[in-house]
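Pasting input.txt here (compact mmCIF, C-alpha atoms):
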# COMPACT_ATOMS: atom_id res chain seq x y z
CA MET O 1 -76.30 357.51 55.44
CA THR O 2 -74.67 359.48 58.23
CA GLY O 3 -72.66 358.62 61.29
CA ALA O 4 -71.14 355.46 59.86
CA ALA O 5 -67.57 356.23 60.86
CA GLY O 6 -68.58 357.22 64.39
CA SER O 7 -70.61 354.06 64.84
CA ALA O 8 -67.73 351.95 63.56
CA ARG O 9 -65.54 353.25 66.39
CA LEU O 10 -67.96 351.70 68.88
CA LEU O 11 -67.72 348.21 67.46
CA LEU O 12 -64.54 346.80 68.95
CA THR O 13 -66.27 345.43 72.03
CA LYS O 14 -69.14 344.04 69.97
CA ILE O 15 -66.77 342.28 67.60
CA LYS O 16 -65.03 340.65 70.52
CA THR O 17 -68.16 339.59 72.41
CA ASN O 18 -70.50 338.66 69.58
CA CYS O 19 -68.59 335.79 68.04
CA PRO O 20 -70.70 332.66 68.57
CA GLY O 21 -69.08 329.35 69.26
CA ARG O 22 -65.72 330.87 70.16
CA ARG O 23 -64.03 329.36 73.19
CA GLY O 24 -60.50 330.04 74.30
CA VAL O 25 -58.02 331.75 72.00
CA HIS O 26 -58.69 332.69 68.40
CA GLN O 27 -57.43 330.22 65.84
CA GLY O 28 -56.78 330.76 62.16
CA ARG O 29 -54.27 331.46 59.46
CA VAL O 30 -53.74 334.61 57.43
CA VAL O 31 -51.73 334.21 54.23
CA PHE O 32 -50.50 337.51 52.86
CA GLY O 33 -51.02 337.64 49.11
CA ALA O 34 -48.64 338.43 46.30
CA ILE O 35 -49.88 341.98 45.66
CA GLU O 36 -46.91 344.29 46.14
CA GLU O 37 -48.29 347.82 45.97
CA VAL O 38 -51.52 349.78 45.97
CA VAL O 39 -51.11 353.27 44.51
CA PHE O 40 -54.00 355.64 45.14
CA GLY O 41 -54.88 359.16 44.12
CA HIS O 42 -52.35 359.41 41.26
CA PRO O 43 -53.28 359.68 37.56
CA ALA O 44 -53.27 356.27 35.92
CA ALA O 45 -50.96 357.00 32.97
CA GLY O 46 -48.01 358.12 35.07
CA ALA O 47 -48.62 355.44 37.67
CA VAL O 48 -48.55 352.66 35.04
CA VAL O 49 -45.23 353.92 33.70
CA ALA O 50 -43.84 354.09 37.24
CA GLN O 51 -44.87 350.48 37.84
CA MET O 52 -43.16 349.31 34.66
CA ASP O 53 -40.03 351.13 35.76
CA ARG O 54 -40.23 349.50 39.18
CA LEU O 55 -40.80 346.03 37.76
CA GLY O 56 -38.26 346.33 34.95
CA THR O 57 -40.80 345.25 32.32
CA ARG O 58 -40.57 346.37 28.69
CA ARG O 59 -43.59 345.04 26.79
CA ALA O 60 -47.03 345.84 28.21
CA PHE O 61 -50.11 344.16 26.77
CA LEU O 62 -53.13 346.37 27.51
CA MET O 63 -56.48 344.72 28.27
CA VAL O 64 -58.91 347.61 28.43
CA SER O 65 -62.52 348.67 28.35
CA GLY O 66 -63.75 349.00 24.79
CA THR O 67 -65.92 351.95 25.80
CA LEU O 68 -63.01 353.77 27.42
CA ASN O 69 -60.88 353.06 24.37
CA ARG O 70 -63.40 354.25 21.81
CA GLN O 71 -65.23 357.05 23.62
CA THR O 72 -62.59 358.70 25.84
CA ASP O 73 -58.92 359.61 25.64
CA GLU O 74 -57.98 357.70 28.81
CA ILE O 75 -56.45 354.72 27.01
CA THR O 76 -54.67 356.98 24.54
CA LYS O 77 -53.06 358.82 27.46
CA ILE O 78 -51.75 355.53 28.83
CA LYS O 79 -50.53 354.36 25.41
CA ASP O 80 -48.79 357.68 24.81
CA ALA O 81 -47.13 357.56 28.22
CA LEU O 82 -45.89 354.02 27.55
CA GLY O 83 -44.65 354.76 24.04
CA GLU O 84 -42.72 351.81 22.61
CA ARG O 85 -43.40 349.83 25.78
CA CYS O 86 -47.02 349.34 24.66
CA ALA O 87 -46.78 345.98 22.90
CA GLY O 88 -50.46 345.45 22.07
CA LEU O 89 -54.05 346.07 23.06
CA PHE O 90 -57.21 344.00 23.53
CA ASP O 91 -60.54 345.75 24.12
CA ALA O 92 -63.14 343.01 23.49
CA MET O 93 -63.76 341.36 26.87
CA PRO O 94 -67.54 340.97 27.39
CA ALA O 95 -69.27 340.85 30.76
CA HIS O 96 -68.81 337.68 32.82
CA THR O 97 -65.45 336.88 31.16
CA PRO O 98 -66.42 334.14 28.67
CA ARG O 99 -63.84 331.49 27.82
CA GLU O 100 -63.78 332.50 24.16
CA ALA O 101 -62.63 336.04 24.95
CA VAL O 102 -60.03 334.77 27.42
CA ILE O 103 -58.49 332.61 24.70
CA ALA O 104 -58.59 335.45 22.16
CA ALA O 105 -56.78 337.73 24.61
CA THR O 106 -54.30 334.97 25.50
CA ASN O 107 -53.35 334.36 21.89
CA ALA O 108 -52.98 338.09 21.24
CA ALA O 109 -50.79 338.55 24.32
CA ARG O 110 -48.66 335.55 23.34
CA GLU O 111 -48.10 336.99 19.84
CA THR O 112 -46.85 340.30 21.24
CA GLY O 113 -44.28 338.70 23.54
CA ALA O 114 -45.72 340.63 26.46
CA ASP O 115 -43.90 340.60 29.80
CA LEU O 116 -46.69 342.45 31.66
CA ILE O 117 -50.47 342.73 31.34
CA VAL O 118 -52.01 346.09 32.23
CA THR O 119 -55.78 346.13 32.73
CA VAL O 120 -57.92 349.26 32.60
CA GLY O 121 -61.58 348.55 33.15
CA GLY O 122 -64.08 346.62 35.24
CA GLY O 123 -64.07 343.25 36.94
CA SER O 124 -64.60 341.18 33.80
CA ILE O 125 -61.40 342.59 32.32
CA THR O 126 -59.49 342.15 35.57
CA ASP O 127 -60.63 338.53 35.86
CA GLY O 128 -59.89 338.00 32.19
CA ALA O 129 -56.28 339.02 32.67
CA LYS O 130 -55.93 336.66 35.63
CA ALA O 131 -57.11 333.85 33.39
CA VAL O 132 -54.79 334.96 30.59
CA GLN O 133 -51.83 334.77 32.98
CA LEU O 134 -52.64 331.13 33.70
CA CYS O 135 -53.27 330.29 30.04
CA LEU O 136 -49.92 331.78 29.02
CA ALA O 137 -48.07 329.90 31.74
CA ASN O 138 -49.73 326.58 30.95
CA GLY O 139 -49.69 326.59 27.14
CA ILE O 140 -53.46 326.89 26.77
CA ASP O 141 -54.65 328.17 23.40
CA ASP O 142 -58.23 326.88 23.09
CA ILE O 143 -61.35 327.00 25.23
CA GLU O 144 -61.22 323.31 26.16
CA GLY O 145 -57.81 323.87 27.72
CA ILE O 146 -59.34 325.99 30.46
CA GLU O 147 -60.70 322.75 31.93
CA ARG O 148 -57.12 321.94 32.95
CA ILE O 149 -56.69 325.04 35.10
CA ARG O 150 -60.11 325.65 36.61
CA VAL O 151 -61.11 324.79 40.15
CA HIS O 152 -62.84 321.41 40.50
CA LYS O 153 -64.90 320.74 43.64
CA GLY O 154 -63.19 323.57 45.45
CA VAL O 155 -59.65 322.44 44.61
CA ALA O 156 -57.32 324.19 42.18
CA PRO O 157 -55.33 321.73 40.05
CA GLU O 158 -51.55 321.61 39.86
CA MET O 159 -50.37 324.11 37.25
CA ASN O 160 -47.46 326.30 36.26
CA ALA O 161 -47.31 329.63 38.07
CA PRO O 162 -47.79 332.78 36.00
CA THR O 163 -44.62 334.50 34.86
CA VAL O 164 -46.31 337.31 32.92
CA ARG O 165 -48.05 339.15 35.75
CA GLN O 166 -50.59 341.95 35.91
CA VAL O 167 -50.98 345.59 36.95
CA SER O 168 -54.59 346.70 37.34
CA VAL O 169 -56.31 350.08 36.96
CA PRO O 170 -59.94 349.40 37.99
CA THR O 171 -62.78 351.58 36.79
CA THR O 172 -65.44 349.86 38.90
CA ILE O 173 -65.37 348.95 42.58
CA ALA O 174 -66.26 345.28 42.88
CA GLY O 175 -62.76 344.58 44.22
CA GLY O 176 -61.47 341.78 41.99
CA GLU O 177 -58.17 343.62 41.56
CA PHE O 178 -57.30 342.62 45.14
CA SER O 179 -58.08 338.92 44.71
CA SER O 180 -56.28 335.89 43.28
CA ILE O 181 -59.63 334.40 42.20
CA ALA O 182 -61.10 334.77 38.71
CA GLY O 183 -64.54 333.84 37.44
CA VAL O 184 -64.70 332.63 33.83
CA THR O 185 -67.97 331.65 32.13
CA ASP O 186 -68.36 328.46 30.12
CA ARG O 187 -70.98 329.54 27.59
CA SER O 188 -71.72 325.95 26.57
CA THR O 189 -73.26 325.39 30.01
CA ASN O 190 -73.81 329.01 31.16
CA VAL O 191 -71.82 328.22 34.30
CA LYS O 192 -69.26 330.55 35.84
CA GLN O 193 -66.20 328.60 36.88
CA MET O 194 -63.48 329.63 39.30
CA LEU O 195 -59.78 329.88 38.52
CA ARG O 196 -57.36 330.40 41.38
CA HIS O 197 -53.62 330.78 41.85
CA PRO O 198 -51.76 332.94 44.39
CA LEU O 199 -49.83 334.77 41.66
CA THR O 200 -52.81 335.81 39.56
CA VAL O 201 -53.47 338.74 41.91
CA PRO O 202 -52.11 341.93 40.30
CA ARG O 203 -48.59 342.86 41.37
CA ALA O 204 -49.91 346.39 41.77
CA THR O 205 -53.31 348.05 41.75
CA ILE O 206 -53.66 351.72 40.80
CA LEU O 207 -56.69 353.53 42.22
CA ASP O 208 -57.30 356.66 40.14
CA PRO O 209 -60.68 358.22 40.99
CA GLY O 210 -60.47 360.47 37.94
CA ILE O 211 -60.64 357.58 35.49
CA THR O 212 -63.85 356.31 37.14
CA VAL O 213 -65.90 359.37 36.18
CA HIS O 214 -66.51 357.74 32.79
CA THR O 215 -68.05 354.66 34.40
CA PRO O 216 -71.87 354.71 34.10
CA GLU O 217 -73.53 355.60 37.38
CA TRP O 218 -75.46 352.32 37.61
CA LEU O 219 -72.25 350.35 37.15
CA PHE O 220 -70.14 352.29 39.65
CA LEU O 221 -72.82 352.26 42.35
CA SER O 222 -73.88 348.65 41.82
CA THR O 223 -70.30 347.41 41.98
CA GLY O 224 -70.06 349.46 45.16
CA ILE O 225 -72.83 347.27 46.55
CA ARG O 226 -70.75 344.27 45.48
CA ALA O 227 -68.00 345.66 47.74
CA VAL O 228 -70.58 346.15 50.51
CA ASP O 229 -71.52 342.50 49.98
CA HIS O 230 -67.88 341.47 50.54
CA CYS O 231 -67.81 343.36 53.82
CA VAL O 232 -71.17 342.10 55.02
CA GLU O 233 -70.67 338.43 54.18
CA ALA O 234 -67.23 338.55 55.82
CA ILE O 235 -68.53 340.17 59.01
CA CYS O 236 -71.33 337.62 59.18
CA SER O 237 -69.15 334.59 58.45
CA ARG O 238 -68.65 331.93 61.12
CA GLU O 239 -65.02 331.85 60.01
CA THR O 240 -64.12 335.50 60.52
CA HIS O 241 -61.47 336.78 62.91
CA PRO O 242 -60.40 340.18 64.31
CA TYR O 243 -57.90 340.92 61.52
CA ALA O 244 -60.64 340.47 58.92
CA ASP O 245 -63.25 342.28 61.00
CA ALA O 246 -61.09 345.37 61.28
CA GLN O 247 -60.93 345.73 57.50
CA SER O 248 -64.53 344.73 56.80
CA VAL O 249 -66.05 347.06 59.36
CA LYS O 250 -63.98 350.06 58.27
CA GLY O 251 -64.56 349.26 54.60
CA LEU O 252 -68.31 349.02 55.13
CA ALA O 253 -68.39 352.34 57.00
CA MET O 254 -66.45 354.06 54.21
CA LEU O 255 -68.68 352.62 51.49
CA ALA O 256 -71.86 353.52 53.39
CA ASP O 257 -70.63 357.10 53.58
CA ALA O 258 -69.06 357.45 50.12
CA LEU O 259 -71.58 355.88 47.74
CA PRO O 260 -74.40 358.35 48.51
CA ARG O 261 -71.90 361.19 48.04
CA VAL O 262 -71.01 359.87 44.58
CA LYS O 263 -74.72 359.56 43.79
CA ALA O 264 -75.29 363.17 44.88
CA ASP O 265 -72.28 364.56 42.98
CA PRO O 266 -70.68 362.33 40.33
CA ALA O 267 -67.79 364.81 40.02
CA ASP O 268 -66.80 364.43 43.71
CA LEU O 269 -63.39 362.77 43.38
CA ASP O 270 -62.92 362.65 47.15
CA ALA O 271 -66.07 360.54 47.44
CA ARG O 272 -64.89 358.29 44.61
CA MET O 273 -61.50 357.88 46.29
CA ASP O 274 -63.20 356.95 49.57
CA ALA O 275 -65.33 354.39 47.74
CA GLN O 276 -62.24 352.91 46.10
CA ILE O 277 -60.40 352.65 49.43
CA GLY O 278 -63.50 351.15 51.05
CA THR O 279 -63.50 348.57 48.26
CA TRP O 280 -59.83 347.81 48.89
CA LEU O 281 -60.65 347.19 52.56
CA SER O 282 -63.67 345.09 51.57
CA MET O 283 -61.36 342.51 50.02
CA GLY O 284 -59.12 342.17 53.05
CA ALA O 285 -61.17 339.46 54.73
CA LEU O 286 -61.42 337.32 51.62
CA ALA O 287 -57.67 337.61 51.09
CA ALA O 288 -57.23 336.61 54.74
CA GLY O 289 -59.15 333.39 54.25
CA VAL O 290 -62.68 334.39 55.29
CA PRO O 291 -65.20 332.90 52.85
CA MET O 292 -68.22 334.51 51.29
CA GLY O 293 -71.72 333.05 51.62
CA ALA O 294 -74.98 332.56 49.80
CA SER O 295 -75.21 336.03 48.25
CA HIS O 296 -72.03 335.34 46.32
CA GLY O 297 -72.93 331.72 45.60
CA ILE O 298 -76.33 332.56 44.14
CA GLY O 299 -74.85 335.61 42.41
CA TYR O 300 -72.47 333.41 40.42
CA VAL O 301 -75.46 331.57 38.96
CA LEU O 302 -77.48 334.70 38.22
CA GLY O 303 -74.53 336.22 36.38
CA ALA O 304 -73.61 333.22 34.27
CA ALA O 305 -77.09 331.89 33.50
CA PHE O 306 -79.12 335.12 33.29
CA ASP O 307 -76.47 337.73 32.42
CA VAL O 308 -77.25 339.74 35.56
CA PRO O 309 -74.38 342.18 36.22
CA HIS O 310 -72.26 341.29 39.26
CA GLY O 311 -73.23 344.38 41.18
CA TYR O 312 -76.92 343.83 40.56
CA THR O 313 -76.73 340.28 41.92
CA SER O 314 -75.59 341.71 45.25
CA CYS O 315 -78.23 344.48 45.16
CA VAL O 316 -80.93 341.84 44.76
CA MET O 317 -79.65 338.98 46.91
CA LEU O 318 -77.79 340.43 49.90
CA PRO O 319 -80.77 341.65 51.99
CA ALA O 320 -82.63 338.38 51.32
CA VAL O 321 -79.63 336.31 52.40
CA MET O 322 -79.31 338.42 55.54
CA ARG O 323 -82.97 337.83 56.43
CA TRP O 324 -82.59 334.07 55.94
CA ASN O 325 -79.32 333.92 57.89
CA ALA O 326 -80.57 336.02 60.83
CA HIS O 327 -81.95 332.84 62.38
CA ASP O 328 -78.35 331.84 63.11
CA ASN O 329 -76.17 334.97 63.14
CA ALA O 330 -78.27 337.91 64.36
CA GLU O 331 -75.51 338.91 66.78
CA ARG O 332 -73.08 339.44 63.88
CA GLN O 333 -75.68 341.34 61.87
CA VAL O 334 -75.79 343.91 64.68
CA ILE O 335 -72.25 344.88 63.65
CA VAL O 336 -73.34 345.45 60.04
CA ALA O 337 -76.15 347.85 60.97
CA ALA O 338 -73.89 349.80 63.33
CA ALA O 339 -71.09 350.11 60.77
CA MET O 340 -73.58 351.60 58.32
CA GLY O 341 -74.63 354.21 60.88
CA TYR O 342 -77.81 352.57 62.21
CA PRO O 343 -76.99 350.82 65.48
CA GLY O 344 -79.83 348.73 66.81
CA ARG O 345 -81.67 348.52 63.49
CA ASP O 346 -82.35 345.35 61.52
CA ALA O 347 -79.38 344.90 59.17
CA ALA O 348 -81.44 343.56 56.26
CA ASP O 349 -83.75 346.60 56.51
CA VAL O 350 -80.76 348.95 56.60
CA LEU O 351 -79.24 347.32 53.52
CA ASP O 352 -82.57 347.33 51.69
CA ALA O 353 -83.07 351.06 52.31
CA PHE O 354 -79.46 351.85 51.40
CA ILE O 355 -79.60 349.98 48.09
CA ARG O 356 -82.94 351.59 47.22
CA SER O 357 -81.55 355.05 48.02
CA LEU O 358 -78.94 354.54 45.33
CA GLY O 359 -81.61 353.68 42.75
CA MET O 360 -80.49 350.07 42.36
CA PRO O 361 -82.75 347.06 41.62
CA ARG O 362 -84.12 345.29 44.67
CA SER O 363 -85.84 342.16 43.42
CA LEU O 364 -85.22 339.23 41.12
CA ALA O 365 -88.16 340.42 39.05
CA ASP O 366 -86.31 343.73 38.54
CA VAL O 367 -83.50 341.80 36.81
CA ARG O 368 -85.92 339.58 34.85
CA VAL O 369 -85.44 336.43 36.92
CA LEU O 370 -88.82 334.80 37.60
CA PRO O 371 -90.11 332.08 39.96
CA GLU O 372 -90.14 329.49 37.18
CA HIS O 373 -86.35 329.82 37.13
CA PHE O 374 -85.88 329.17 40.85
CA ASP O 375 -85.55 325.38 40.72
CA GLY O 376 -82.71 325.57 38.21
CA ILE O 377 -80.97 328.38 40.09
CA ALA O 378 -81.19 326.47 43.37
CA GLU O 379 -79.71 323.32 41.87
CA ALA O 380 -76.86 325.23 40.22
CA ALA O 381 -76.10 327.32 43.31
CA MET O 382 -75.58 324.18 45.37
CA ARG O 383 -72.62 323.39 43.12
CA THR O 384 -70.84 326.71 43.75
CA ASN O 385 -67.95 327.06 46.15
CA TRP O 386 -69.54 329.54 48.56
CA ILE O 387 -72.84 327.85 49.44
CA PRO O 388 -71.20 325.30 51.79
CA ARG O 389 -69.56 328.18 53.70
CA ASN O 390 -72.75 330.16 54.32
CA PRO O 391 -73.07 330.95 58.05
CA ARG O 392 -76.49 329.29 58.27
CA LYS O 393 -76.23 325.76 56.95
CA ILE O 394 -77.85 325.29 53.54
CA ALA O 395 -78.91 321.66 53.41
CA GLY O 396 -80.18 321.55 49.84
CA PRO O 397 -81.92 323.34 46.97
CA ALA O 398 -85.08 323.86 49.04
CA ASP O 399 -83.17 326.23 51.31
CA ILE O 400 -81.88 328.18 48.31
CA LYS O 401 -85.45 328.49 47.05
CA GLU O 402 -86.47 329.99 50.40
CA ILE O 403 -83.83 332.68 49.90
CA LEU O 404 -84.89 333.28 46.31
CA LEU O 405 -88.51 333.72 47.38
CA LEU O 406 -87.38 336.39 49.86
CA ALA O 407 -85.73 338.19 46.93
CA ALA O 408 -88.53 337.66 44.44
Serialized structure, structure tokens:
Amino acid sequence: MTGAAGSARLLLTKIKTNCPGRRGVHQGRVVFGAIEEVVFGHPAAGAVVAQMDRLGTRRAFLMVSGTLNRQTDEITKIKDALGERCAGLFDAMPAHTPREAVIAATNAARETGADLIVTVGGGSITDGAKAVQLCLANGIDDIEGIERIRVHKGVAPEMNAPTVRQVSVPTTIAGGEFSSIAGVTDRSTNVKQMLRHPLTVPRATILDPGITVHTPEWLFLSTGIRAVDHCVEAICSRETHPYADAQSVKGLAMLADALPRVKADPADLDARMDAQIGTWLSMGALAAGVPMGASHGIGYVLGAAFDVPHGYTSCVMLPAVMRWNAHDNAERQVIVAAAMGYPGRDAADVLDAFIRSLGMPRSLADVRVLPEHFDGIAEAAMRTNWIPRNPRKIAGPADIKEILLLAA
């Protein structure tokens, strides 16, 4: 899509005037997170060593992609650069971060006496390390113990703060490396549960576009749509504010420009860098307290119960959620279409065409989720943290089913 950056420059007035229900001065609270640095455009191996030097840590426990470890030399380069400071390695974190793998990684990290966790991989590994930090700090060594640290009814329990922190080298662009939230799946119920603590966010994130060239195209591009989803649901939230808008609108414009360039030329490191920076911006609103909505809420259920990859849940659900929400927030959706380079167009149509142009799935049927599953999905989605924050009120499972039918 073209013209996204130019259109974004025209949005300041729209952002100010198209905020429904606002009277008087803006009100809100932005809490700056515990991430200390974002390093971008530098090779990962040297950047990891530099972070250990900065932090004064001596024993790094690597949590890495098994594919990267076995099929490329990227992990070897990091291990060689670390030398004796590499205390151990775990490369068996499945998708959706199951409890069992979290505990296995925790016990391995505890045995090594690690004073830093370094992740190299996608969102499941990043989230896994966040969970490991909390398990280490709270003496958890079995899957039942995770009950003590997970969020219950939107509230994180009292717990010890992590002391072994994390540095992240992401290979996908869903954005979890900029968040203090982790999703961990309870396989006994097929429910993804949230863990949250301010200090689980990585102390530093290293954005190396070169290491992402090994990521399968479908995974890189679909997680890019996950980042688009962060921008879009933030822009459309009733709880957004100008600080969040500035990051979401710019992030969306960068992603709308960069992802097709990566699709056209997978070796284009400039495009990959732009996509990574757009992803970084996409997480600014969430970090600043702006909630996500129904696309994320339903996506949690699709991932945990049906093993749909995170990026694919956004590819399938986001346009449908936008169509359902337009009844209440059409004026905010105008901003989305303009940021993507199509001012005046229907935002759901723009997103639909954009996702299709990248060759991503566009229906629940495409990801093997069928109408007979909708009742169960709707019931489970109502129990997620994001559904109550959707900009159009979702009164019950029947409303969720309406959205699912739009995505069928």
Practice item. For range 345-358 of chain O, work out the shell of residues within 12 Å, counting all atoms listed in the file and skipping chain neighbours fewer than 6 positions away, then give it as JSON, numbers by chain. Key: {"O": [1, 2, 217, 218, 219, 220, 221, 222, 223, 224, 225, 226, 228, 229, 232, 233, 235, 236, 252, 255, 256, 257, 258, 259, 260, 261, 262, 263, 264, 311, 312, 313, 314, 315, 316, 317, 318, 319, 320, 321, 322, 323, 324, 325, 326, 329, 330, 331, 332, 333, 334, 335, 336, 337, 338, 339, 406, 407]}
Exercise for review: Tell me which protein, DNA and RNA residues are within 10 Å of Asp208 in chain O, counting all atoms listed in the file, leaving out same-chain ones fewer than 3 positions away, and put them as a PyMOL selection string.
Suggested key: chain O and resi 39-45+47+169-171+205+211-213+269+272-273+276
Exercise for review: Would you work out the distance separating CA of Arg59 in chain O from CA of Glu84 in chain O, expressed in Å to one decimal?
Suggested key: 8.0 Å
Check your understanding: Which of these, O:Leu302, O:Ile146, O:Ala246, O:Val308, has the shortest distance to Ala288 in chain O once you count all atoms listed in the file?
Key ->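 For Ala288 in chain O, the nearest of the given residues is O:Ala246.
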Exercise for review: Compare O:Ala204, O:Ala109, O:Val30, O:Ile173 by their minimum atom-to-atom distance to Val48 in chain O, counting all atoms listed in the file, and give me the closest one.
Suggested key: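 Of O:Ala204, O:Ala109, O:Val30, O:Ile173, the one nearest Val48 in chain O, counting all atoms listed in the file, is O:Ala204.
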Check your understanding: What is the CA of Ile298 in chain O-CA of Met194 in chain O distance in Å, reported with one decimal?
Key ->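 CA of Ile298 in chain O sits 14.0 Å away from CA of Met194 in chain O.
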Review point. Hey, which of O:Glu74, O:Asp115, O:Glu379, O:Glu177 ends up closest to Phe61 in chain O? Count all atoms listed in the file.
Key: O:Asp115
Point to revise | Between CA of Ala105 in chain O and CA of Val301 in chain O, distance in Å (one decimal) | key: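 CA of Val301 in chain O lies at a distance of 24.3 Å from CA of Ala105 in chain O.
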Let me know the centre plus edge lengths, in Å and rounded to one decimal, of a box with edges along x, y and z that contains all listed atoms of range 96-114 of chain O and is padded by 8 Å on every side, as AutoDock Vina command-line options.
--center_x -56.5 --center_y 336.1 --center_z 26.3 --size_x 40.5 --size_y 25.1 --size_z 29.0
Point to revise | Counting only C-alpha atoms, the option among O:Thr126, O:Met382, O:Arg85, O:Phe374 closest to Thr112 in chain O | key: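 Closest to Thr112 in chain O, using only C-alpha atoms: O:Arg85.
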